[in-house]
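One file, structure36.cif, carrying mmCIF, C-alpha atoms:
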data_structure
#
loop_
_atom_site.label_atom_id
_atom_site.label_comp_id
_atom_site.auth_asym_id
_atom_site.auth_seq_id
_atom_site.Cartn_x
_atom_site.Cartn_y
_atom_site.Cartn_z
CA MET A 1 28.41 1.68 -4.29
CA ASN A 2 31.30 4.06 -3.95
CA HIS A 3 32.65 4.51 -0.46
CA SER A 4 35.94 6.05 -1.47
CA SER A 5 35.16 9.04 0.73
CA LYS A 6 35.44 6.87 3.86
CA PRO A 7 37.62 8.68 6.41
CA THR A 8 41.13 7.40 6.90
CA GLN A 9 41.52 8.86 10.38
CA ASN A 10 40.32 7.07 13.48
CA PRO A 11 36.52 7.54 13.43
CA GLU A 12 36.29 7.59 17.21
CA ALA A 13 38.78 10.44 17.34
CA ALA A 14 36.83 12.21 14.62
CA ALA A 15 33.60 11.75 16.55
CA ASP A 16 35.41 13.11 19.56
CA GLU A 17 35.88 16.38 17.73
CA ASP A 18 32.21 16.77 16.97
CA PRO A 19 30.82 19.28 19.49
CA LEU A 20 27.28 18.00 19.01
CA TRP A 21 28.00 14.34 19.59
CA PRO A 22 31.10 14.01 21.76
CA ALA A 23 32.28 10.42 21.79
CA THR A 24 33.96 10.65 25.16
CA GLN A 25 32.55 8.62 28.01
CA HIS A 26 30.16 6.92 25.66
CA SER A 27 28.26 4.18 27.40
CA ALA A 28 26.99 1.35 25.21
CA GLN A 29 23.50 2.70 25.82
CA GLN A 30 24.39 6.22 24.69
CA ARG A 31 26.07 4.84 21.62
CA GLU A 32 23.00 2.78 20.77
CA ALA A 33 20.73 5.81 21.22
CA LYS A 34 22.85 7.75 18.74
CA ARG A 35 22.95 4.85 16.31
CA GLN A 36 19.14 4.91 16.54
CA ALA A 37 19.11 8.60 15.68
CA VAL A 38 21.23 7.87 12.60
CA LEU A 39 18.83 5.13 11.49
CA SER A 40 15.78 7.36 12.06
CA ALA A 41 17.19 10.23 10.03
CA ALA A 42 18.23 7.83 7.28
CA ALA A 43 14.81 6.16 7.14
CA GLN A 44 13.15 9.56 6.73
CA LEU A 45 15.51 10.50 3.90
CA PHE A 46 15.18 7.14 2.14
CA ASN A 47 11.39 7.51 2.29
CA GLU A 48 11.49 11.08 0.99
CA ARG A 49 14.10 10.73 -1.78
CA GLY A 50 14.71 7.03 -2.33
CA PHE A 51 17.68 4.96 -1.19
CA HIS A 52 20.00 5.70 -4.12
CA ALA A 53 19.33 9.42 -4.09
CA THR A 54 20.32 9.67 -0.41
CA SER A 55 24.01 10.04 0.45
CA LEU A 56 25.80 9.64 3.77
CA ASP A 57 26.44 13.38 3.53
CA ASP A 58 22.67 13.97 3.41
CA ILE A 59 22.20 11.83 6.52
CA ALA A 60 25.02 13.63 8.36
CA ALA A 61 23.55 17.00 7.32
CA ARG A 62 20.07 16.05 8.54
CA LEU A 63 21.57 15.18 11.93
CA GLY A 64 23.81 18.22 11.97
CA VAL A 65 26.95 16.12 12.45
CA SER A 66 30.02 15.43 10.33
CA LYS A 67 30.34 12.38 8.09
CA PRO A 68 33.28 11.02 10.12
CA THR A 69 31.00 11.08 13.15
CA LEU A 70 28.50 8.96 11.24
CA TYR A 71 31.16 6.31 10.62
CA TYR A 72 31.50 5.87 14.36
CA TYR A 73 27.96 4.44 14.44
CA VAL A 74 27.52 2.80 11.04
CA LYS A 75 29.75 1.26 8.41
CA ASN A 76 28.00 2.23 5.18
CA LYS A 77 24.63 2.95 3.56
CA GLU A 78 23.71 -0.69 3.16
CA GLU A 79 24.23 -1.32 6.87
CA ILE A 80 21.98 1.67 7.61
CA LEU A 81 19.23 0.36 5.33
CA LEU A 82 19.55 -3.10 6.85
CA GLY A 83 19.18 -1.55 10.31
CA CYS A 84 16.09 0.41 9.24
CA VAL A 85 14.40 -2.58 7.63
CA ARG A 86 15.26 -4.85 10.57
CA GLN A 87 13.64 -2.36 12.94
CA GLY A 88 10.53 -2.11 10.78
CA LEU A 89 10.23 -5.88 10.84
CA GLN A 90 10.94 -6.09 14.57
CA LEU A 91 8.17 -3.56 15.27
CA MET A 92 5.80 -5.78 13.27
CA LEU A 93 6.88 -8.94 15.09
CA ASP A 94 6.53 -7.27 18.49
CA GLY A 95 3.11 -5.87 17.57
CA ILE A 96 1.88 -9.23 16.33
CA GLU A 97 3.19 -10.94 19.46
CA ALA A 98 1.40 -8.36 21.65
CA SER A 99 -1.84 -8.77 19.65
CA ARG A 100 -1.70 -12.52 20.07
CA SER A 101 -0.99 -12.38 23.80
CA GLU A 102 -4.14 -10.28 24.24
CA GLY A 103 -6.02 -13.47 23.31
CA GLY A 104 -9.60 -13.52 22.00
CA THR A 105 -10.96 -15.10 18.85
CA ALA A 106 -8.89 -15.54 15.70
CA LEU A 107 -10.85 -12.60 14.26
CA ASP A 108 -9.94 -10.43 17.26
CA GLN A 109 -6.29 -11.31 16.86
CA LEU A 110 -6.32 -10.85 13.08
CA THR A 111 -7.94 -7.43 13.44
CA ALA A 112 -5.37 -6.41 16.05
CA CYS A 113 -2.51 -7.60 13.81
CA MET A 114 -3.95 -5.69 10.85
CA GLN A 115 -4.11 -2.54 12.99
CA VAL A 116 -0.49 -2.99 14.05
CA TYR A 117 0.61 -3.52 10.45
CA ALA A 118 -1.31 -0.50 9.13
CA ARG A 119 0.11 1.73 11.87
CA ILE A 120 3.73 0.64 11.42
CA VAL A 121 3.83 1.24 7.65
CA THR A 122 2.92 4.90 8.29
CA GLN A 123 6.00 5.25 10.54
CA ASP A 124 9.60 5.84 9.41
CA PHE A 125 11.02 2.33 9.69
CA GLY A 126 7.89 0.55 8.49
CA MET A 127 7.57 2.90 5.53
CA CYS A 128 11.22 2.26 4.66
CA LEU A 129 10.52 -1.49 4.69
CA ILE A 130 7.84 -0.92 2.04
CA ARG A 131 9.40 1.86 -0.05
CA VAL A 132 12.95 0.55 -0.39
CA GLY A 133 13.14 -2.85 -2.05
CA ASP A 134 15.51 -5.34 -0.51
CA GLU A 135 17.45 -5.73 -3.80
CA GLN A 136 19.76 -3.09 -2.30
CA ILE A 137 20.76 -5.50 0.46
CA SER A 138 23.40 -8.20 -0.08
CA LYS A 139 22.33 -11.83 -0.28
CA PRO A 140 22.93 -13.29 3.22
CA ASN A 141 21.23 -10.31 4.89
CA ARG A 142 18.45 -10.35 2.34
CA ALA A 143 17.80 -14.00 3.18
CA GLU A 144 17.48 -13.08 6.87
CA LEU A 145 14.99 -10.31 6.07
CA ARG A 146 12.96 -12.64 3.87
CA ARG A 147 12.77 -15.19 6.68
CA ILE A 148 11.31 -12.57 9.01
CA LYS A 149 8.85 -11.41 6.32
CA ALA A 150 7.83 -15.03 5.77
CA ALA A 151 7.24 -15.44 9.52
CA ILE A 152 4.94 -12.39 9.53
CA ASP A 153 3.10 -13.64 6.46
CA HIS A 154 2.78 -17.07 8.07
CA GLU A 155 1.20 -15.51 11.15
CA PHE A 156 -1.45 -13.80 9.00
CA ARG A 157 -2.17 -17.03 7.12
CA ARG A 158 -2.50 -18.96 10.38
CA LEU A 159 -4.97 -16.43 11.81
CA VAL A 160 -7.00 -16.42 8.57
CA ALA A 161 -7.16 -20.24 8.60
CA GLN A 162 -8.22 -20.21 12.27
CA GLY A 163 -10.83 -17.55 11.51
CA VAL A 164 -12.32 -19.72 8.77
CA GLU A 165 -12.32 -22.65 11.20
CA GLU A 166 -14.04 -20.68 13.97
CA GLY A 167 -16.64 -19.53 11.42
CA SER A 168 -15.95 -15.79 11.58
CA LEU A 169 -14.20 -15.56 8.19
CA ALA A 170 -15.44 -16.56 4.74
CA PRO A 171 -14.02 -19.85 3.42
CA CYS A 172 -10.90 -19.00 1.39
CA ASP A 173 -7.34 -19.88 0.46
CA PRO A 174 -5.56 -18.44 3.55
CA LYS A 175 -2.35 -17.87 1.61
CA MET A 176 -4.07 -15.73 -1.01
CA THR A 177 -6.19 -13.91 1.56
CA ALA A 178 -3.07 -13.09 3.59
CA PHE A 179 -1.50 -11.69 0.38
CA VAL A 180 -4.52 -9.46 -0.21
CA ILE A 181 -4.52 -8.20 3.39
CA GLY A 182 -0.73 -7.75 3.44
CA GLY A 183 -0.76 -6.07 0.03
CA ALA A 184 -3.48 -3.53 0.77
CA LEU A 185 -1.90 -2.68 4.15
CA SER A 186 1.66 -2.56 2.78
CA TRP A 187 0.57 -0.21 0.02
CA ILE A 188 -0.36 2.35 2.66
CA GLY A 189 3.42 2.80 3.11
CA ARG A 190 3.70 3.77 -0.55
CA TRP A 191 1.00 6.43 -0.70
CA TYR A 192 0.68 7.70 2.88
CA GLN A 193 1.82 11.29 3.43
CA PRO A 194 2.62 12.09 7.08
CA GLY A 195 0.72 15.21 8.08
CA GLY A 196 -1.65 14.88 5.12
CA GLU A 197 -5.42 14.64 4.74
CA TYR A 198 -5.87 11.47 6.84
CA SER A 199 -4.42 10.53 10.22
CA PRO A 200 -2.78 7.09 10.52
CA GLU A 201 -5.77 6.03 12.65
CA GLN A 202 -8.25 7.06 9.94
CA VAL A 203 -6.25 5.22 7.30
CA ALA A 204 -6.14 2.06 9.41
CA GLU A 205 -9.86 2.26 10.18
CA HIS A 206 -10.87 2.72 6.52
CA CYS A 207 -8.56 -0.01 5.26
CA LEU A 208 -9.63 -2.55 7.87
CA LYS A 209 -13.29 -1.84 7.25
CA THR A 210 -12.89 -2.29 3.48
CA LEU A 211 -10.81 -5.45 3.77
CA LEU A 212 -12.98 -7.09 6.42
CA GLY A 213 -16.39 -6.11 5.11
CA GLY A 214 -15.60 -6.02 1.39
CA VAL A 215 -16.39 -3.47 -1.27
CA LEU A 216 -19.81 -4.92 -2.12
CA LYS A 217 -22.86 -3.89 -0.15
CA ARG A 218 -23.77 -6.58 2.38
CA MET B 1 24.75 6.93 -13.18
CA ASN B 2 27.92 6.39 -15.11
CA HIS B 3 27.59 6.37 -18.87
CA SER B 4 31.26 6.81 -19.66
CA SER B 5 31.20 3.59 -21.68
CA LYS B 6 28.90 5.20 -24.26
CA PRO B 7 30.27 4.50 -27.74
CA THR B 8 31.99 7.35 -29.49
CA GLN B 9 31.49 5.88 -32.94
CA ASN B 10 28.28 6.37 -34.91
CA PRO B 11 25.79 4.03 -33.24
CA GLU B 12 23.97 3.32 -36.49
CA ALA B 13 27.24 2.18 -38.06
CA ALA B 14 27.91 0.04 -35.00
CA ALA B 15 24.45 -1.50 -35.21
CA ASP B 16 25.14 -2.13 -38.86
CA GLU B 17 27.96 -4.42 -37.85
CA ASP B 18 25.76 -6.54 -35.63
CA PRO B 19 24.88 -9.70 -37.57
CA LEU B 20 21.81 -10.34 -35.40
CA TRP B 21 20.24 -6.94 -35.79
CA PRO B 22 21.46 -5.36 -39.05
CA ALA B 23 20.49 -1.71 -39.16
CA THR B 24 20.39 -1.48 -42.93
CA GLN B 25 17.02 -0.86 -44.58
CA HIS B 26 15.43 -0.29 -41.21
CA SER B 27 11.87 0.86 -41.56
CA ALA B 28 10.45 2.91 -38.68
CA GLN B 29 8.26 -0.08 -37.87
CA GLN B 30 11.19 -2.50 -37.67
CA ARG B 31 13.10 -0.06 -35.53
CA GLU B 32 10.14 0.26 -33.15
CA ALA B 33 9.78 -3.54 -32.93
CA LYS B 34 13.43 -3.80 -31.91
CA ARG B 35 13.10 -0.97 -29.42
CA GLN B 36 10.20 -2.95 -27.95
CA ALA B 37 12.42 -6.02 -27.64
CA VAL B 38 14.97 -3.93 -25.74
CA LEU B 39 12.29 -2.65 -23.36
CA SER B 40 10.89 -6.17 -22.80
CA ALA B 41 14.28 -7.66 -21.99
CA ALA B 42 15.05 -4.73 -19.70
CA ALA B 43 11.72 -5.01 -17.85
CA GLN B 44 12.37 -8.68 -17.17
CA LEU B 45 15.85 -7.94 -15.83
CA PHE B 46 14.68 -5.00 -13.69
CA ASN B 47 11.99 -7.25 -12.21
CA GLU B 48 14.42 -10.08 -11.53
CA ARG B 49 17.40 -8.12 -10.18
CA GLY B 50 16.26 -4.59 -9.50
CA PHE B 51 16.93 -1.46 -11.55
CA HIS B 52 20.31 -0.56 -10.06
CA ALA B 53 21.67 -4.10 -10.26
CA THR B 54 20.91 -4.27 -14.01
CA SER B 55 23.47 -2.83 -16.45
CA LEU B 56 23.14 -2.02 -20.13
CA ASP B 57 25.61 -4.87 -20.67
CA ASP B 58 23.15 -7.26 -18.99
CA ILE B 59 20.36 -6.05 -21.27
CA ALA B 60 22.53 -6.42 -24.38
CA ALA B 61 23.62 -9.90 -23.25
CA ARG B 62 20.01 -10.99 -22.66
CA LEU B 63 19.20 -9.92 -26.22
CA GLY B 64 22.40 -11.39 -27.64
CA VAL B 65 23.44 -8.06 -29.19
CA SER B 66 26.31 -5.67 -28.57
CA LYS B 67 26.02 -2.61 -26.34
CA PRO B 68 26.63 -0.22 -29.28
CA THR B 69 23.61 -1.82 -30.97
CA LEU B 70 21.53 -1.04 -27.89
CA TYR B 71 22.45 2.64 -28.18
CA TYR B 72 20.82 2.72 -31.59
CA TYR B 73 17.45 2.15 -29.92
CA VAL B 74 17.79 3.76 -26.49
CA LYS B 75 19.82 6.53 -24.93
CA ASN B 76 20.43 5.24 -21.43
CA LYS B 77 18.99 3.14 -18.59
CA GLU B 78 16.64 5.85 -17.37
CA GLU B 79 15.11 6.17 -20.82
CA ILE B 80 14.60 2.39 -20.85
CA LEU B 81 12.90 2.42 -17.46
CA LEU B 82 10.73 5.33 -18.52
CA GLY B 83 9.72 3.37 -21.64
CA CYS B 84 8.87 0.30 -19.55
CA VAL B 85 6.81 2.21 -17.01
CA ARG B 86 5.01 4.21 -19.73
CA GLN B 87 4.03 0.96 -21.42
CA GLY B 88 2.79 -0.56 -18.17
CA LEU B 89 0.64 2.53 -17.61
CA GLN B 90 -0.57 2.58 -21.21
CA LEU B 91 -1.68 -1.07 -20.93
CA MET B 92 -3.68 -0.09 -17.84
CA LEU B 93 -5.26 2.93 -19.53
CA ASP B 94 -6.19 0.89 -22.62
CA GLY B 95 -7.62 -1.91 -20.47
CA ILE B 96 -9.66 0.52 -18.40
CA GLU B 97 -10.94 2.24 -21.53
CA ALA B 98 -11.94 -1.14 -23.02
CA SER B 99 -13.69 -2.15 -19.77
CA ARG B 100 -15.64 1.08 -19.74
CA SER B 101 -16.69 0.84 -23.38
CA GLU B 102 -18.18 -2.60 -22.62
CA GLY B 103 -20.75 -0.69 -20.57
CA GLY B 104 -22.87 -2.29 -17.82
CA THR B 105 -23.31 -1.23 -14.22
CA ALA B 106 -20.61 0.60 -12.28
CA LEU B 107 -19.94 -2.72 -10.50
CA ASP B 108 -19.50 -4.52 -13.86
CA GLN B 109 -17.04 -1.87 -15.00
CA LEU B 110 -15.19 -1.80 -11.67
CA THR B 111 -14.83 -5.59 -11.71
CA ALA B 112 -13.53 -5.50 -15.31
CA CYS B 113 -11.03 -2.76 -14.42
CA MET B 114 -9.85 -4.75 -11.39
CA GLN B 115 -9.32 -7.79 -13.62
CA VAL B 116 -7.32 -5.72 -16.10
CA TYR B 117 -5.18 -4.25 -13.32
CA ALA B 118 -4.53 -7.65 -11.69
CA ARG B 119 -3.53 -9.18 -15.02
CA ILE B 120 -1.19 -6.37 -16.08
CA VAL B 121 0.85 -6.36 -12.85
CA THR B 122 1.73 -10.03 -13.49
CA GLN B 123 3.21 -9.08 -16.88
CA ASP B 124 6.70 -7.63 -17.52
CA PHE B 125 5.85 -3.95 -17.96
CA GLY B 126 3.15 -3.87 -15.31
CA MET B 127 5.40 -5.64 -12.82
CA CYS B 128 8.16 -3.14 -13.58
CA LEU B 129 5.75 -0.31 -12.84
CA ILE B 130 5.22 -1.79 -9.36
CA ARG B 131 8.69 -3.12 -8.53
CA VAL B 132 10.82 -0.16 -9.63
CA GLY B 133 9.97 3.04 -7.81
CA ASP B 134 9.83 6.18 -9.92
CA GLU B 135 12.52 7.90 -7.80
CA GLN B 136 14.92 6.63 -10.48
CA ILE B 137 13.23 8.84 -13.07
CA SER B 138 14.07 12.52 -13.42
CA LYS B 139 11.55 15.13 -12.34
CA PRO B 140 9.71 16.23 -15.52
CA ASN B 141 9.21 12.62 -16.62
CA ARG B 142 8.23 11.59 -13.12
CA ALA B 143 5.55 14.27 -13.12
CA GLU B 144 4.16 12.84 -16.38
CA LEU B 145 4.05 9.31 -14.90
CA ARG B 146 2.33 10.57 -11.77
CA ARG B 147 -0.33 12.31 -13.86
CA ILE B 148 -1.13 9.01 -15.61
CA LYS B 149 -1.19 7.15 -12.28
CA ALA B 150 -3.51 9.79 -10.88
CA ALA B 151 -5.81 9.37 -13.91
CA ILE B 152 -5.99 5.60 -13.29
CA ASP B 153 -6.64 6.15 -9.60
CA HIS B 154 -9.30 8.71 -10.44
CA GLU B 155 -11.07 6.20 -12.69
CA PHE B 156 -11.24 3.69 -9.82
CA ARG B 157 -12.57 6.34 -7.43
CA ARG B 158 -15.22 7.39 -9.93
CA LEU B 159 -16.41 3.82 -10.43
CA VAL B 160 -16.49 3.19 -6.67
CA ALA B 161 -18.54 6.37 -6.14
CA GLN B 162 -20.93 5.35 -8.93
CA GLY B 163 -21.20 1.86 -7.44
CA VAL B 164 -22.20 3.33 -4.09
CA GLU B 165 -24.74 5.52 -5.88
CA GLU B 166 -26.25 2.63 -7.82
CA GLY B 167 -26.49 0.64 -4.55
CA SER B 168 -24.17 -2.22 -5.48
CA LEU B 169 -21.27 -1.11 -3.26
CA ALA B 170 -21.18 -0.43 0.48
CA PRO B 171 -21.19 3.26 1.43
CA CYS B 172 -17.54 4.35 1.77
CA ASP B 173 -14.92 7.02 1.14
CA PRO B 174 -14.24 6.29 -2.58
CA LYS B 175 -10.70 7.65 -2.34
CA MET B 176 -9.75 5.28 0.48
CA THR B 177 -11.55 2.34 -1.10
CA ALA B 178 -9.71 2.94 -4.38
CA PHE B 179 -6.43 2.94 -2.41
CA VAL B 180 -7.28 -0.41 -0.82
CA ILE B 181 -8.24 -1.94 -4.19
CA GLY B 182 -5.23 -0.45 -5.97
CA GLY B 183 -2.91 -1.45 -3.14
CA ALA B 184 -3.97 -5.07 -2.92
CA LEU B 185 -3.86 -5.44 -6.72
CA SER B 186 -0.55 -3.58 -7.10
CA TRP B 187 1.04 -5.77 -4.46
CA ILE B 188 0.48 -8.78 -6.72
CA GLY B 189 3.31 -7.34 -8.84
CA ARG B 190 5.62 -7.55 -5.84
CA TRP B 191 5.02 -11.18 -4.85
CA TYR B 192 3.84 -12.87 -8.05
CA GLN B 193 6.26 -15.44 -9.50
CA PRO B 194 5.62 -16.18 -13.20
CA GLY B 195 5.35 -19.93 -13.66
CA GLY B 196 4.72 -20.46 -9.91
CA GLU B 197 1.98 -22.08 -7.90
CA TYR B 198 -0.88 -19.87 -9.16
CA SER B 199 -1.77 -18.77 -12.69
CA PRO B 200 -2.42 -15.05 -13.25
CA GLU B 201 -6.12 -15.91 -13.68
CA GLN B 202 -6.26 -17.70 -10.31
CA VAL B 203 -4.52 -14.79 -8.61
CA ALA B 204 -6.95 -12.29 -10.12
CA GLU B 205 -9.96 -14.42 -9.20
CA HIS B 206 -8.87 -14.86 -5.56
CA CYS B 207 -7.96 -11.22 -5.10
CA LEU B 208 -11.18 -9.91 -6.64
CA LYS B 209 -13.29 -12.28 -4.55
CA THR B 210 -11.54 -11.20 -1.33
CA LEU B 211 -11.73 -7.49 -2.11
CA LEU B 212 -15.32 -7.51 -3.30
CA GLY B 213 -16.78 -9.92 -0.74
CA GLY B 214 -14.51 -9.12 2.19
CA VAL B 215 -12.63 -11.34 4.58
CA LEU B 216 -15.55 -11.71 7.03
CA LYS B 217 -18.16 -14.39 6.49
CA ARG B 218 -21.31 -12.88 4.97
#
Serialized structure, C-alpha cells:
Amino acid sequence: MNHSSKPTQNPEAAADEDPLWPATQHSAQQREAKRQAVLSAAAQLFNERGFHATSLDDIAARLGVSKPTLYYYVKNKEEILLGCVRQGLQLMLDGIEASRSEGGTALDQLTACMQVYARIVTQDFGMCLIRVGDEQISKPNRAELRRIKAAIDHEFRRLVAQGVEEGSLAPCDPKMTAFVIGGALSWIGRWYQPGGEYSPEQVAEHCLKTLLGGVLKR
Amino acid sequence: MNHSSKPTQNPEAAADEDPLWPATQHSAQQREAKRQAVLSAAAQLFNERGFHATSLDDIAARLGVSKPTLYYYVKNKEEILLGCVRQGLQLMLDGIEASRSEGGTALDQLTACMQVYARIVTQDFGMCLIRVGDEQISKPNRAELRRIKAAIDHEFRRLVAQGVEEGSLAPCDPKMTAFVIGGALSWIGRWYQPGGEYSPEQVAEHCLKTLLGGVLKR
C-alpha cells in the first residue's frame, strides 16, 4: 500500500482547521465517536466498492472532512479495516452472549444465535467482515481476528452438540453442521442489498426456516 | 495495478529463450495447455495468499519460468483472474448441464447439482471463484461473470420450484432457498483445506445431508 500522501504537518493542528470536526476540547468520548463515524463510512465504502478500490480520500469525501482530519482518528486503511472487522466480530460475540444469557434449551439458544448472526451480516460492520477477506490484514492482527472467529464457530458447534444431546437436533457432526449454518448465514452478507426486495428480518426468517427444517418436505 | 515491469522486448522471442517452455513450433493446442498451467498455478496462489498479495513474479516462480514467458500467455493479473473465474463458472455450468441431462425427478437433479457445486468449490478454479471477489475485475467483464452466476442461481431456483411442485421439497420461496443452498455450498470454498481432515466427498455428503434434511430432528 502506498501512503506517501500522509500529511507531514501535525494532524491535530490540521483537524483543528476543519470547520466540520474541530479538534479543540476533544474529550476522549468525542474522539471515539468520531473514530466510529470514520469506521462506519469506511465499512459502507468497502462493502460498496471493495477494500482496494476505496481510498482514504473517498472515506474523507463521504464524511465531508479533509484527509488530514482523518489521520487524527486513524493511521491508515489497514487500521480502518481492522477496526471495522473487529466491530463486526464484537457485535457477534455480544449477540451470542446475550442469546446465551436468555437461557432456554440448546435449540432456543442456537436459534437466537442464528438470528443474531443473520442480522449482523446485513449491517455495515458485519457485511464488511464477510465481504473483505482478512488477507488484507497483517499477520499478528489476522491471527487475533481468526481467534475470535474460531470462538464464534466453537459456540455454534457447542450448541449444535448440546442440541443433539437434548434430542432436538438430528444426530450429526457438529463441526460440519456449524460450517453449514455459518456458511449459509455468512453468505447473506455477500448477496444482501440494503433497501432491496427483502427486509433483514425476512431474510433471517427464511434462512433459519430452511436451515432448521431442511429443503426436503417433512 | 502497476505493470511497469512489462517486458519491452518481443514476448514470443523471450519465451523462445526459456529452456523449460520453448515457444518454437507452438501449436494452438500446446499454447492453450500452457496457458491453462499458468491459470492453475495462479488460482492456487490466489487461494493461498489472496489476489493482491500474489505477483506475476510469484506465478512465474511457481511455474519455474521467467516473467517474460508468462507474458506470452497472459496480458496481466486481471486477465489471469478473469480466466480462473471463467473456468470455475464453466465447470459449474457443465456440471449442472450434465446433472440435468441425467434426468430424474427435480429432487434428483437438484441433489446432483448440489454435489457438483460442492465438489467444484473445493478445486482450484472453483475456490478462486469464491475466495477472490469480482471487484478486482473491470466492469464489462464483471457484468459477464455476473450473468453466468445469475444463470447458475436461476437453475437452482428452477429446480427448487419444480421440487416443490412435484411434492418432494417443502413449500418455500425458491429464490431464498436457492440463496441458502448456494451460500452454504459456496462457503465450503472459504474454509475447505485441501488435504485436511475431510475429503471433498465427505464435505459434500455432510453439507447435502444438513441442507436437505435440516438441522432439526425429523
Would you kindly translate the PyMOL selection byres ((chain B) within 10 of (chain A)) into the concrete residues it picks from this file, as a PDB file with C-alpha atoms, in the frame of the given file?
ATOM      1  CA  GLU B  48      14.420 -10.080 -11.530  1.00  0.00           C
ATOM      2  CA  ARG B  49      17.400  -8.120 -10.180  1.00  0.00           C
ATOM      3  CA  GLY B  50      16.260  -4.590  -9.500  1.00  0.00           C
ATOM      4  CA  PHE B  51      16.930  -1.460 -11.550  1.00  0.00           C
ATOM      5  CA  HIS B  52      20.310  -0.560 -10.060  1.00  0.00           C
ATOM      6  CA  ALA B  53      21.670  -4.100 -10.260  1.00  0.00           C
ATOM      7  CA  LEU B 107     -19.940  -2.720 -10.500  1.00  0.00           C
ATOM      8  CA  ARG B 131       8.690  -3.120  -8.530  1.00  0.00           C
ATOM      9  CA  VAL B 132      10.820  -0.160  -9.630  1.00  0.00           C
ATOM     10  CA  GLY B 133       9.970   3.040  -7.810  1.00  0.00           C
ATOM     11  CA  ASP B 134       9.830   6.180  -9.920  1.00  0.00           C
ATOM     12  CA  GLU B 135      12.520   7.900  -7.800  1.00  0.00           C
ATOM     13  CA  GLN B 136      14.920   6.630 -10.480  1.00  0.00           C
ATOM     14  CA  VAL B 160     -16.490   3.190  -6.670  1.00  0.00           C
ATOM     15  CA  GLY B 163     -21.200   1.860  -7.440  1.00  0.00           C
ATOM     16  CA  VAL B 164     -22.200   3.330  -4.090  1.00  0.00           C
ATOM     17  CA  GLY B 167     -26.490   0.640  -4.550  1.00  0.00           C
ATOM     18  CA  SER B 168     -24.170  -2.220  -5.480  1.00  0.00           C
ATOM     19  CA  LEU B 169     -21.270  -1.110  -3.260  1.00  0.00           C
ATOM     20  CA  ALA B 170     -21.180  -0.430   0.480  1.00  0.00           C
ATOM     21  CA  PRO B 171     -21.190   3.260   1.430  1.00  0.00           C
ATOM     22  CA  CYS B 172     -17.540   4.350   1.770  1.00  0.00           C
ATOM     23  CA  ASP B 173     -14.920   7.020   1.140  1.00  0.00           C
ATOM     24  CA  MET B 176      -9.750   5.280   0.480  1.00  0.00           C
ATOM     25  CA  THR B 177     -11.550   2.340  -1.100  1.00  0.00           C
ATOM     26  CA  ALA B 178      -9.710   2.940  -4.380  1.00  0.00           C
ATOM     27  CA  PHE B 179      -6.430   2.940  -2.410  1.00  0.00           C
ATOM     28  CA  VAL B 180      -7.280  -0.410  -0.820  1.00  0.00           C
ATOM     29  CA  ILE B 181      -8.240  -1.940  -4.190  1.00  0.00           C
ATOM     30  CA  GLY B 182      -5.230  -0.450  -5.970  1.00  0.00           C
ATOM     31  CA  GLY B 183      -2.910  -1.450  -3.140  1.00  0.00           C
ATOM     32  CA  ALA B 184      -3.970  -5.070  -2.920  1.00  0.00           C
ATOM     33  CA  LEU B 185      -3.860  -5.440  -6.720  1.00  0.00           C
ATOM     34  CA  SER B 186      -0.550  -3.580  -7.100  1.00  0.00           C
ATOM     35  CA  TRP B 187       1.040  -5.770  -4.460  1.00  0.00           C
ATOM     36  CA  ILE B 188       0.480  -8.780  -6.720  1.00  0.00           C
ATOM     37  CA  GLY B 189       3.310  -7.340  -8.840  1.00  0.00           C
ATOM     38  CA  ARG B 190       5.620  -7.550  -5.840  1.00  0.00           C
ATOM     39  CA  TRP B 191       5.020 -11.180  -4.850  1.00  0.00           C
ATOM     40  CA  TYR B 198      -0.880 -19.870  -9.160  1.00  0.00           C
ATOM     41  CA  GLN B 202      -6.260 -17.700 -10.310  1.00  0.00           C
ATOM     42  CA  VAL B 203      -4.520 -14.790  -8.610  1.00  0.00           C
ATOM     43  CA  HIS B 206      -8.870 -14.860  -5.560  1.00  0.00           C
ATOM     44  CA  CYS B 207      -7.960 -11.220  -5.100  1.00  0.00           C
ATOM     45  CA  LEU B 208     -11.180  -9.910  -6.640  1.00  0.00           C
ATOM     46  CA  LYS B 209     -13.290 -12.280  -4.550  1.00  0.00           C
ATOM     47  CA  THR B 210     -11.540 -11.200  -1.330  1.00  0.00           C
ATOM     48  CA  LEU B 211     -11.730  -7.490  -2.110  1.00  0.00           C
ATOM     49  CA  LEU B 212     -15.320  -7.510  -3.300  1.00  0.00           C
ATOM     50  CA  GLY B 213     -16.780  -9.920  -0.740  1.00  0.00           C
ATOM     51  CA  GLY B 214     -14.510  -9.120   2.190  1.00  0.00           C
ATOM     52  CA  VAL B 215     -12.630 -11.340   4.580  1.00  0.00           C
ATOM     53  CA  LEU B 216     -15.550 -11.710   7.030  1.00  0.00           C
ATOM     54  CA  LYS B 217     -18.160 -14.390   6.490  1.00  0.00           C
ATOM     55  CA  ARG B 218     -21.310 -12.880   4.970  1.00  0.00           C
TER      56      ARG B 218
END
Return as a PyMOL selection string the set of residues that the PyMOL selection byres ((chain A and resi 150-152) around 12) yields on the displayed structure. (chain A and resi 88-97+110+113-114+116-117+143-149+153-159+175+178-179+182) or (chain B and resi 191)
Mind pulling up the distance from atom CA of A:Ser101 to atom CA of A:Glu166?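 Taking atom CA of A:Glu166 and atom CA of A:Ser101, their separation equals 18.3 Å.
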Quick check, in Å to one decimal: how far apart do atom CA of B:Glu78 and atom CA of A:Ala41 lie?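 Separation of atom CA of B:Glu78 and atom CA of A:Ala41: 27.8 Å.
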Atom CA of A:Gln193 to atom CA of A:Ser99, distance in Å rounded to a single decimal: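 Spanning atom CA of A:Gln193 to atom CA of A:Ser99 is a straight-line distance of 26.1 Å.
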All file atoms of stretch 59-70 of chain A boxed axis-aligned, 4 Å per side, centre plus edges, as JSON:
{"center_x": 26.7, "center_y": 13.6, "center_z": 9.8, "size_x": 21.2, "size_y": 17.3, "size_z": 14.6}
So which residues get picked by the PyMOL selection byres ((chain B and resi 44) around 10) here, written as a count of residues only? 19
